[in-house]
>>> print(open('target.pdb').read())   # PDB, C-alpha atoms
ATOM      1  CA  MET A   1     -47.414  30.229 154.837
ATOM      2  CA  LYS A   2     -50.966  28.913 154.887
ATOM      3  CA  LYS A   3     -50.689  27.979 151.187
ATOM      4  CA  ILE A   4     -47.467  26.044 151.813
ATOM      5  CA  PHE A   5     -49.069  24.161 154.714
ATOM      6  CA  THR A   6     -52.140  23.328 152.601
ATOM      7  CA  LEU A   7     -49.907  22.141 149.749
ATOM      8  CA  PHE A   8     -47.901  19.986 152.171
ATOM      9  CA  ILE A   9     -51.064  18.357 153.547
ATOM     10  CA  ALA A  10     -52.361  17.717 150.022
ATOM     11  CA  LEU A  11     -49.084  16.120 148.922
ATOM     12  CA  ALA A  12     -48.862  14.015 152.075
ATOM     13  CA  THR A  13     -52.409  12.765 151.508
ATOM     14  CA  VAL A  14     -51.634  11.845 147.888
ATOM     15  CA  GLY A  15     -48.473  10.012 148.988
ATOM     16  CA  PHE A  16     -50.383   8.083 151.649
ATOM     17  CA  ALA A  17     -53.098   7.140 149.171
ATOM     18  CA  SER A  18     -50.467   5.954 146.688
ATOM     19  CA  ALA A  19     -48.833   3.750 149.299
ATOM     20  CA  GLN A  20     -52.162   2.165 150.187
ATOM     21  CA  THR A  21     -53.046   1.671 146.534
ATOM     22  CA  MET A  22     -49.688   0.016 145.874
ATOM     23  CA  ASP A  23     -50.204  -2.498 148.681
ATOM     24  CA  GLU A  24     -53.711  -3.339 147.535
ATOM     25  CA  ALA A  25     -53.135  -3.253 143.776
ATOM     26  CA  ASN A  26     -49.866  -5.194 143.783
ATOM     27  CA  SER A  27     -50.729  -8.164 145.938
ATOM     28  CA  LYS A  28     -49.765 -10.117 142.799
ATOM     29  CA  LEU A  29     -47.355  -9.201 140.032
ATOM     30  CA  PRO A  30     -48.849  -7.338 137.076
ATOM     31  CA  SER A  31     -48.665  -8.967 133.650
ATOM     32  CA  ILE A  32     -45.828  -7.208 131.777
ATOM     33  CA  ASP A  33     -43.620  -8.369 128.905
ATOM     34  CA  LEU A  34     -39.868  -8.359 129.602
ATOM     35  CA  LYS A  35     -36.860  -9.465 127.583
ATOM     36  CA  THR A  36     -34.416 -12.189 128.574
ATOM     37  CA  LEU A  37     -30.713 -11.398 128.240
ATOM     38  CA  ASP A  38     -30.889 -13.310 124.941
ATOM     39  CA  GLY A  39     -33.708 -11.120 123.581
ATOM     40  CA  GLU A  40     -36.633 -13.512 124.089
ATOM     41  CA  THR A  41     -39.934 -12.066 125.340
ATOM     42  CA  VAL A  42     -41.253 -13.391 128.653
ATOM     43  CA  ASN A  43     -44.366 -12.283 130.513
ATOM     44  CA  THR A  44     -44.161 -11.762 134.257
ATOM     45  CA  SER A  45     -47.350 -13.793 134.671
ATOM     46  CA  THR A  46     -45.256 -16.892 133.893
ATOM     47  CA  PHE A  47     -42.933 -16.401 136.879
ATOM     48  CA  SER A  48     -43.275 -19.480 139.075
ATOM     49  CA  ASN A  49     -41.244 -21.660 141.411
ATOM     50  CA  ASP A  50     -43.193 -24.859 142.103
ATOM     51  CA  GLY A  51     -44.877 -23.387 145.180
ATOM     52  CA  ASN A  52     -41.643 -22.030 146.661
ATOM     53  CA  PRO A  53     -40.847 -18.362 147.397
ATOM     54  CA  ILE A  54     -39.665 -15.978 144.693
ATOM     55  CA  VAL A  55     -37.610 -12.835 145.194
ATOM     56  CA  VAL A  56     -37.961 -10.179 142.499
ATOM     57  CA  SER A  57     -35.162  -7.626 142.634
ATOM     58  CA  PHE A  58     -35.083  -4.490 140.472
ATOM     59  CA  TRP A  59     -31.569  -3.235 139.806
ATOM     60  CA  ALA A  60     -29.410  -1.360 137.278
ATOM     61  CA  THR A  61     -25.774  -1.431 136.198
ATOM     62  CA  TRP A  62     -25.438   2.236 137.221
ATOM     63  CA  CYS A  63     -26.784   1.558 140.750
ATOM     64  CA  ALA A  64     -23.962   0.729 143.189
ATOM     65  CA  PRO A  65     -26.293  -0.393 146.046
ATOM     66  CA  CYS A  66     -28.153  -2.665 143.616
ATOM     67  CA  LYS A  67     -24.972  -4.388 142.510
ATOM     68  CA  LYS A  68     -23.752  -4.704 146.104
ATOM     69  CA  GLU A  69     -27.053  -6.273 147.190
ATOM     70  CA  LEU A  70     -27.183  -8.825 144.369
ATOM     71  CA  SER A  71     -23.487  -9.677 144.722
ATOM     72  CA  THR A  72     -23.897 -10.211 148.463
ATOM     73  CA  ILE A  73     -26.942 -12.422 147.933
ATOM     74  CA  HIS A  74     -25.061 -14.303 145.184
ATOM     75  CA  GLU A  75     -22.573 -15.561 147.782
ATOM     76  CA  LEU A  76     -25.439 -16.886 149.928
ATOM     77  CA  TYR A  77     -27.823 -17.959 147.167
ATOM     78  CA  PRO A  78     -26.811 -21.634 146.812
ATOM     79  CA  ASP A  79     -27.428 -22.181 150.538
ATOM     80  CA  TRP A  80     -30.694 -20.237 150.368
ATOM     81  CA  GLN A  81     -31.863 -22.430 147.496
ATOM     82  CA  ASP A  82     -30.861 -25.659 149.266
ATOM     83  CA  GLU A  83     -32.598 -24.638 152.491
ATOM     84  CA  THR A  84     -35.734 -22.951 151.137
ATOM     85  CA  GLY A  85     -36.099 -23.595 147.405
ATOM     86  CA  VAL A  86     -36.235 -19.828 146.810
ATOM     87  CA  LYS A  87     -35.714 -18.412 143.324
ATOM     88  CA  LEU A  88     -34.343 -14.924 142.705
ATOM     89  CA  ILE A  89     -35.351 -13.038 139.590
ATOM     90  CA  ALA A  90     -33.233  -9.960 138.823
ATOM     91  CA  ILE A  91     -34.930  -7.314 136.697
ATOM     92  CA  SER A  92     -32.606  -4.717 135.165
ATOM     93  CA  ILE A  93     -34.137  -1.298 134.609
ATOM     94  CA  ASP A  94     -31.228  -0.175 132.425
ATOM     95  CA  ASN A  95     -32.648   1.725 129.453
ATOM     96  CA  THR A  96     -31.955   0.930 125.806
ATOM     97  CA  ARG A  97     -28.719   2.971 125.904
ATOM     98  CA  SER A  98     -27.211   1.037 128.825
ATOM     99  CA  SER A  99     -28.930  -2.363 128.611
ATOM    100  CA  SER A 100     -26.087  -3.740 126.462
ATOM    101  CA  ARG A 101     -23.968  -3.674 129.659
ATOM    102  CA  VAL A 102     -26.304  -5.966 131.605
ATOM    103  CA  LYS A 103     -25.417  -9.385 130.151
ATOM    104  CA  PRO A 104     -21.626  -8.829 130.333
ATOM    105  CA  TYR A 105     -21.982  -7.625 133.909
ATOM    106  CA  VAL A 106     -24.144 -10.603 134.948
ATOM    107  CA  ASP A 107     -21.736 -13.005 133.237
ATOM    108  CA  THR A 108     -18.689 -11.402 134.892
ATOM    109  CA  GLU A 109     -20.324 -11.598 138.314
ATOM    110  CA  GLY A 110     -21.383 -15.203 137.723
ATOM    111  CA  TRP A 111     -24.924 -14.526 138.915
ATOM    112  CA  GLU A 112     -27.102 -17.593 138.521
ATOM    113  CA  TYR A 113     -30.339 -15.662 138.876
ATOM    114  CA  GLU A 114     -32.936 -15.481 136.168
ATOM    115  CA  CYS A 115     -32.252 -12.041 134.694
ATOM    116  CA  PHE A 116     -34.588  -9.939 132.587
ATOM    117  CA  LEU A 117     -34.548  -6.502 130.986
ATOM    118  CA  ASP A 118     -37.217  -3.881 131.689
ATOM    119  CA  GLU A 119     -35.754  -1.268 129.329
ATOM    120  CA  ASN A 120     -38.750   1.078 129.466
ATOM    121  CA  SER A 121     -39.252   0.487 133.218
ATOM    122  CA  ASP A 122     -42.850  -0.575 132.550
ATOM    123  CA  PHE A 123     -42.701  -3.345 135.152
ATOM    124  CA  PHE A 124     -40.790  -1.141 137.613
ATOM    125  CA  ARG A 125     -43.412   1.625 137.318
ATOM    126  CA  ALA A 126     -46.257  -0.902 137.570
ATOM    127  CA  MET A 127     -44.734  -1.974 140.898
ATOM    128  CA  ASN A 128     -44.659   1.712 141.958
ATOM    129  CA  GLY A 129     -40.871   1.770 141.828
ATOM    130  CA  VAL A 130     -39.184   5.108 142.281
ATOM    131  CA  THR A 131     -35.534   4.230 142.899
ATOM    132  CA  PRO A 132     -33.673   0.934 142.813
ATOM    133  CA  PRO A 133     -32.858  -1.359 144.419
ATOM    134  CA  LEU A 134     -36.420  -2.454 144.981
ATOM    135  CA  THR A 135     -37.066  -5.985 146.223
ATOM    136  CA  PHE A 136     -40.275  -7.993 146.504
ATOM    137  CA  LEU A 137     -40.770 -11.375 148.150
ATOM    138  CA  MET A 138     -43.614 -13.548 146.934
ATOM    139  CA  ASP A 139     -44.991 -16.629 148.601
ATOM    140  CA  GLY A 140     -45.485 -19.892 146.720
ATOM    141  CA  GLU A 141     -48.856 -18.708 145.440
ATOM    142  CA  GLY A 142     -47.465 -15.519 143.920
ATOM    143  CA  ASN A 143     -48.691 -13.143 146.622
ATOM    144  CA  ILE A 144     -46.365 -10.276 147.495
ATOM    145  CA  VAL A 145     -45.661 -10.621 151.213
ATOM    146  CA  TYR A 146     -42.671  -8.317 151.711
ATOM    147  CA  THR A 147     -41.233  -5.230 150.026
ATOM    148  CA  HIS A 148     -37.936  -3.467 150.626
ATOM    149  CA  ASN A 149     -36.481  -0.374 148.955
ATOM    150  CA  GLY A 150     -32.792   0.504 149.092
ATOM    151  CA  TYR A 151     -29.882  -1.524 150.400
ATOM    152  CA  SER A 152     -27.682  -1.428 153.478
ATOM    153  CA  SER A 153     -25.328  -4.159 154.552
ATOM    154  CA  GLY A 154     -27.343  -6.729 156.481
ATOM    155  CA  ASP A 155     -30.610  -6.216 154.554
ATOM    156  CA  GLU A 156     -30.024  -9.621 152.952
ATOM    157  CA  ASP A 157     -30.290 -11.198 156.422
ATOM    158  CA  GLU A 158     -33.711  -9.647 156.947
ATOM    159  CA  LEU A 159     -34.806 -10.882 153.517
ATOM    160  CA  TYR A 160     -33.612 -14.388 154.329
ATOM    161  CA  GLU A 161     -35.512 -14.330 157.630
ATOM    162  CA  LYS A 162     -38.683 -13.442 155.703
ATOM    163  CA  ILE A 163     -38.013 -16.303 153.275
ATOM    164  CA  LEU A 164     -37.566 -18.719 156.177
ATOM    165  CA  GLU A 165     -40.853 -17.555 157.722
ATOM    166  CA  LEU A 166     -42.633 -18.386 154.459
ATOM    167  CA  VAL A 167     -41.070 -21.839 154.212
ATOM    168  CA  GLU A 168     -41.856 -22.662 157.835
ATOM    169  CA  GLU A 169     -45.558 -21.755 157.498
TER     170      GLU A 169
END
>>> encode(input="target.pdb", output="structure tokens")
Amino acid sequence: MKKIFTLFIALATVGFASAQTMDEANSKLPSIDLKTLDGETVNTSTFSNDGNPIVVSFWATWCAPCKKELSTIHELYPDWQDETGVKLIAISIDNTRSSSRVKPYVDTEGWEYECFLDENSDFFRAMNGVTPPLTFLMDGEGNIVYTHNGYSSGDEDELYEKILELVEE
């Protein structure tokens, strides 16, 4: 029993240290090469939005909550853009076997987000992603100011409130 307790404490300490490291190490996006849906290479260091907020959302075609989140935001996105100037960048973590489904899915849904492929999940891992959906909000200077993992109906409202706070500052 004592060994189990000691192991639990050790694992909890490692998890806490990882969470702190993530917050400190990822105050800005790491520089990682991604592919556009047309196969062009783009580096994450080039993500910008003329000083306006950026939402980076990791998703996958096999992730029902991911698709629900991005489809829900899609309905609101034109108003969000008009009111705040926000840009949403959707990063698919589908691997090389399933990434061929991404572009047809995006086209069918009519998403007007910038969409990229992270087929090896390099960017996702660099952001300490474990499970999608994983969403980051960056201010106009590229600083990560909000992170959310998972999706439940209504989470998009909380995200929008955070975007409004940034714009009002």
>>> resolve_selection(input="target.pdb", expression="the PyMOL selection byres ((chain A and resi 149) around 12)", output="PDB file with C-alpha atoms, in the frame of the given file")
ATOM      1  CA  VAL A  56     -37.961 -10.179 142.499  1.00  0.00           C
ATOM      2  CA  SER A  57     -35.162  -7.626 142.634  1.00  0.00           C
ATOM      3  CA  PHE A  58     -35.083  -4.490 140.472  1.00  0.00           C
ATOM      4  CA  TRP A  59     -31.569  -3.235 139.806  1.00  0.00           C
ATOM      5  CA  PRO A  65     -26.293  -0.393 146.046  1.00  0.00           C
ATOM      6  CA  CYS A  66     -28.153  -2.665 143.616  1.00  0.00           C
ATOM      7  CA  GLU A  69     -27.053  -6.273 147.190  1.00  0.00           C
ATOM      8  CA  MET A 127     -44.734  -1.974 140.898  1.00  0.00           C
ATOM      9  CA  ASN A 128     -44.659   1.712 141.958  1.00  0.00           C
ATOM     10  CA  GLY A 129     -40.871   1.770 141.828  1.00  0.00           C
ATOM     11  CA  VAL A 130     -39.184   5.108 142.281  1.00  0.00           C
ATOM     12  CA  THR A 131     -35.534   4.230 142.899  1.00  0.00           C
ATOM     13  CA  PRO A 132     -33.673   0.934 142.813  1.00  0.00           C
ATOM     14  CA  PRO A 133     -32.858  -1.359 144.419  1.00  0.00           C
ATOM     15  CA  LEU A 134     -36.420  -2.454 144.981  1.00  0.00           C
ATOM     16  CA  THR A 135     -37.066  -5.985 146.223  1.00  0.00           C
ATOM     17  CA  PHE A 136     -40.275  -7.993 146.504  1.00  0.00           C
ATOM     18  CA  LEU A 137     -40.770 -11.375 148.150  1.00  0.00           C
ATOM     19  CA  TYR A 146     -42.671  -8.317 151.711  1.00  0.00           C
ATOM     20  CA  THR A 147     -41.233  -5.230 150.026  1.00  0.00           C
ATOM     21  CA  HIS A 148     -37.936  -3.467 150.626  1.00  0.00           C
ATOM     22  CA  GLY A 150     -32.792   0.504 149.092  1.00  0.00           C
ATOM     23  CA  TYR A 151     -29.882  -1.524 150.400  1.00  0.00           C
ATOM     24  CA  SER A 152     -27.682  -1.428 153.478  1.00  0.00           C
ATOM     25  CA  ASP A 155     -30.610  -6.216 154.554  1.00  0.00           C
ATOM     26  CA  GLU A 156     -30.024  -9.621 152.952  1.00  0.00           C
ATOM     27  CA  LEU A 159     -34.806 -10.882 153.517  1.00  0.00           C
TER      28      LEU A 159
END
>>> resolve_selection(input="target.pdb", expression="the PyMOL selection byres ((chain A and resi 105) around 12)", output="JSON list (two decimals) with C-alpha atoms, in the frame of the given file")
[["chain", "number", "residue", "atom", "x", "y", "z"],
["A", 37, "LEU", "CA", -30.71, -11.40, 128.24],
["A", 60, "ALA", "CA", -29.41, -1.36, 137.28],
["A", 61, "THR", "CA", -25.77, -1.43, 136.20],
["A", 62, "TRP", "CA", -25.44, 2.24, 137.22],
["A", 67, "LYS", "CA", -24.97, -4.39, 142.51],
["A", 70, "LEU", "CA", -27.18, -8.82, 144.37],
["A", 71, "SER", "CA", -23.49, -9.68, 144.72],
["A", 92, "SER", "CA", -32.61, -4.72, 135.16],
["A", 94, "ASP", "CA", -31.23, -0.18, 132.43],
["A", 98, "SER", "CA", -27.21, 1.04, 128.82],
["A", 99, "SER", "CA", -28.93, -2.36, 128.61],
["A", 100, "SER", "CA", -26.09, -3.74, 126.46],
["A", 101, "ARG", "CA", -23.97, -3.67, 129.66],
["A", 102, "VAL", "CA", -26.30, -5.97, 131.60],
["A", 103, "LYS", "CA", -25.42, -9.38, 130.15],
["A", 104, "PRO", "CA", -21.63, -8.83, 130.33],
["A", 106, "VAL", "CA", -24.14, -10.60, 134.95],
["A", 107, "ASP", "CA", -21.74, -13.00, 133.24],
["A", 108, "THR", "CA", -18.69, -11.40, 134.89],
["A", 109, "GLU", "CA", -20.32, -11.60, 138.31],
["A", 110, "GLY", "CA", -21.38, -15.20, 137.72],
["A", 111, "TRP", "CA", -24.92, -14.53, 138.92],
["A", 115, "CYS", "CA", -32.25, -12.04, 134.69]]
>>> closest_residue(input="target.pdb", among="A:Val55, A:Phe123, A:Lys68, A:Glu40", to="A:Gln81", atoms="all atoms listed in the file")
A:Val55
>>> resolve_selection(input="target.pdb", expression="the PyMOL selection byres ((chain A and resi 118) around 8)", output="ChimeraX atom specification")
/A:34-35,91-95,116-117,119-124
>>> closest_residue(input="target.pdb", among="A:Glu114, A:Glu169, A:Glu75, A:Asp82", to="A:Thr44", atoms="only C-alpha atoms")
A:Glu114
>>> atom_distance(input="target.pdb", atom1="atom CA of A:Ser48", atom2="atom CA of A:Thr72")
23.4 Å
>>> axis_aligned_box(input="target.pdb", around="stretch 135-142 of chain A", padding_each_side="8 Å", output="lines of an AutoDock Vina configuration file")
center_x = -43.0
center_y = -12.9
center_z = 146.3
size_x = 27.8
size_y = 29.9
size_z = 20.7
>>> atom_distance(input="target.pdb", atom1="atom CA of A:Pro78", atom2="atom CA of A:Met138")
18.6 Å
>>> atom_distance(input="target.pdb", atom1="atom CA of A:Lys87", atom2="atom CA of A:Asn143")
14.4 Å
>>> closest_residue(input="target.pdb", among="A:Gly39, A:Ile32, A:Phe47, A:Glu83", to="A:Gly142", atoms="only C-alpha atoms")
A:Phe47
>>> residues_near_point(input="target.pdb", point="(-48.1, -22.0, 149.7)", cutoff="9 Å", atoms="all atoms listed in the file", output="list in words")
Gly51, Asn52, Pro53, Asp139, Gly140, Glu141, Gly142, Leu166, Val167 and Glu169 of chain A
>>> closest_residue(input="target.pdb", among="A:Ile144, A:Ser27, A:Trp80, A:Gly85", to="A:Glu161", atoms="only C-alpha atoms")
A:Trp80
>>> closest_residue(input="target.pdb", among="A:Leu29, A:Ile54, A:Lys162, A:Val42", to="A:Val86", atoms="all atoms listed in the file")
A:Ile54
>>> decode(input="target.pdb", residues="stretch 32-44 of chain A", atoms="N, CA and C atoms", output="mmCIF file, in the first residue's frame")
data_model
loop_
_atom_site.group_PDB
_atom_site.id
_atom_site.type_symbol
_atom_site.label_atom_id
_atom_site.label_comp_id
_atom_site.auth_asym_id
_atom_site.auth_seq_id
_atom_site.Cartn_x
_atom_site.Cartn_y
_atom_site.Cartn_z
ATOM 1 N N ILE A 32 6.471 25.303 -35.819
ATOM 2 C CA ILE A 32 6.303 23.950 -36.366
ATOM 3 C C ILE A 32 5.776 24.076 -37.801
ATOM 4 N N ASP A 33 6.277 23.239 -38.690
ATOM 5 C CA ASP A 33 5.765 23.211 -40.059
ATOM 6 C C ASP A 33 4.507 22.364 -40.142
ATOM 7 N N LEU A 34 3.472 22.901 -40.790
ATOM 8 C CA LEU A 34 2.215 22.214 -41.042
ATOM 9 C C LEU A 34 1.963 22.222 -42.535
ATOM 10 N N LYS A 35 0.971 21.473 -42.962
ATOM 11 C CA LYS A 35 0.566 21.468 -44.368
ATOM 12 C C LYS A 35 -0.804 22.121 -44.491
ATOM 13 N N THR A 36 -0.994 22.890 -45.568
ATOM 14 C CA THR A 36 -2.326 23.397 -45.882
ATOM 15 C C THR A 36 -3.121 22.229 -46.467
ATOM 16 N N LEU A 37 -4.404 22.419 -46.678
ATOM 17 C CA LEU A 37 -5.220 21.367 -47.280
ATOM 18 C C LEU A 37 -4.845 21.134 -48.740
ATOM 19 N N ASP A 38 -4.068 22.065 -49.313
ATOM 20 C CA ASP A 38 -3.591 21.916 -50.688
ATOM 21 C C ASP A 38 -2.158 21.404 -50.750
ATOM 22 N N GLY A 39 -1.579 21.037 -49.592
ATOM 23 C CA GLY A 39 -0.250 20.445 -49.563
ATOM 24 C C GLY A 39 0.908 21.399 -49.422
ATOM 25 N N GLU A 40 0.636 22.693 -49.295
ATOM 26 C CA GLU A 40 1.713 23.680 -49.104
ATOM 27 C C GLU A 40 2.201 23.627 -47.656
ATOM 28 N N THR A 41 3.481 23.914 -47.447
ATOM 29 C CA THR A 41 4.043 23.952 -46.096
ATOM 30 C C THR A 41 3.939 25.355 -45.537
ATOM 31 N N VAL A 42 3.454 25.449 -44.292
ATOM 32 C CA VAL A 42 3.321 26.729 -43.598
ATOM 33 C C VAL A 42 3.869 26.541 -42.185
ATOM 34 N N ASN A 43 4.618 27.521 -41.709
ATOM 35 C CA ASN A 43 5.141 27.451 -40.352
ATOM 36 C C ASN A 43 4.213 28.203 -39.408
ATOM 37 N N THR A 44 4.007 27.652 -38.243
ATOM 38 C CA THR A 44 3.105 28.267 -37.266
ATOM 39 C C THR A 44 3.585 29.643 -36.822
#
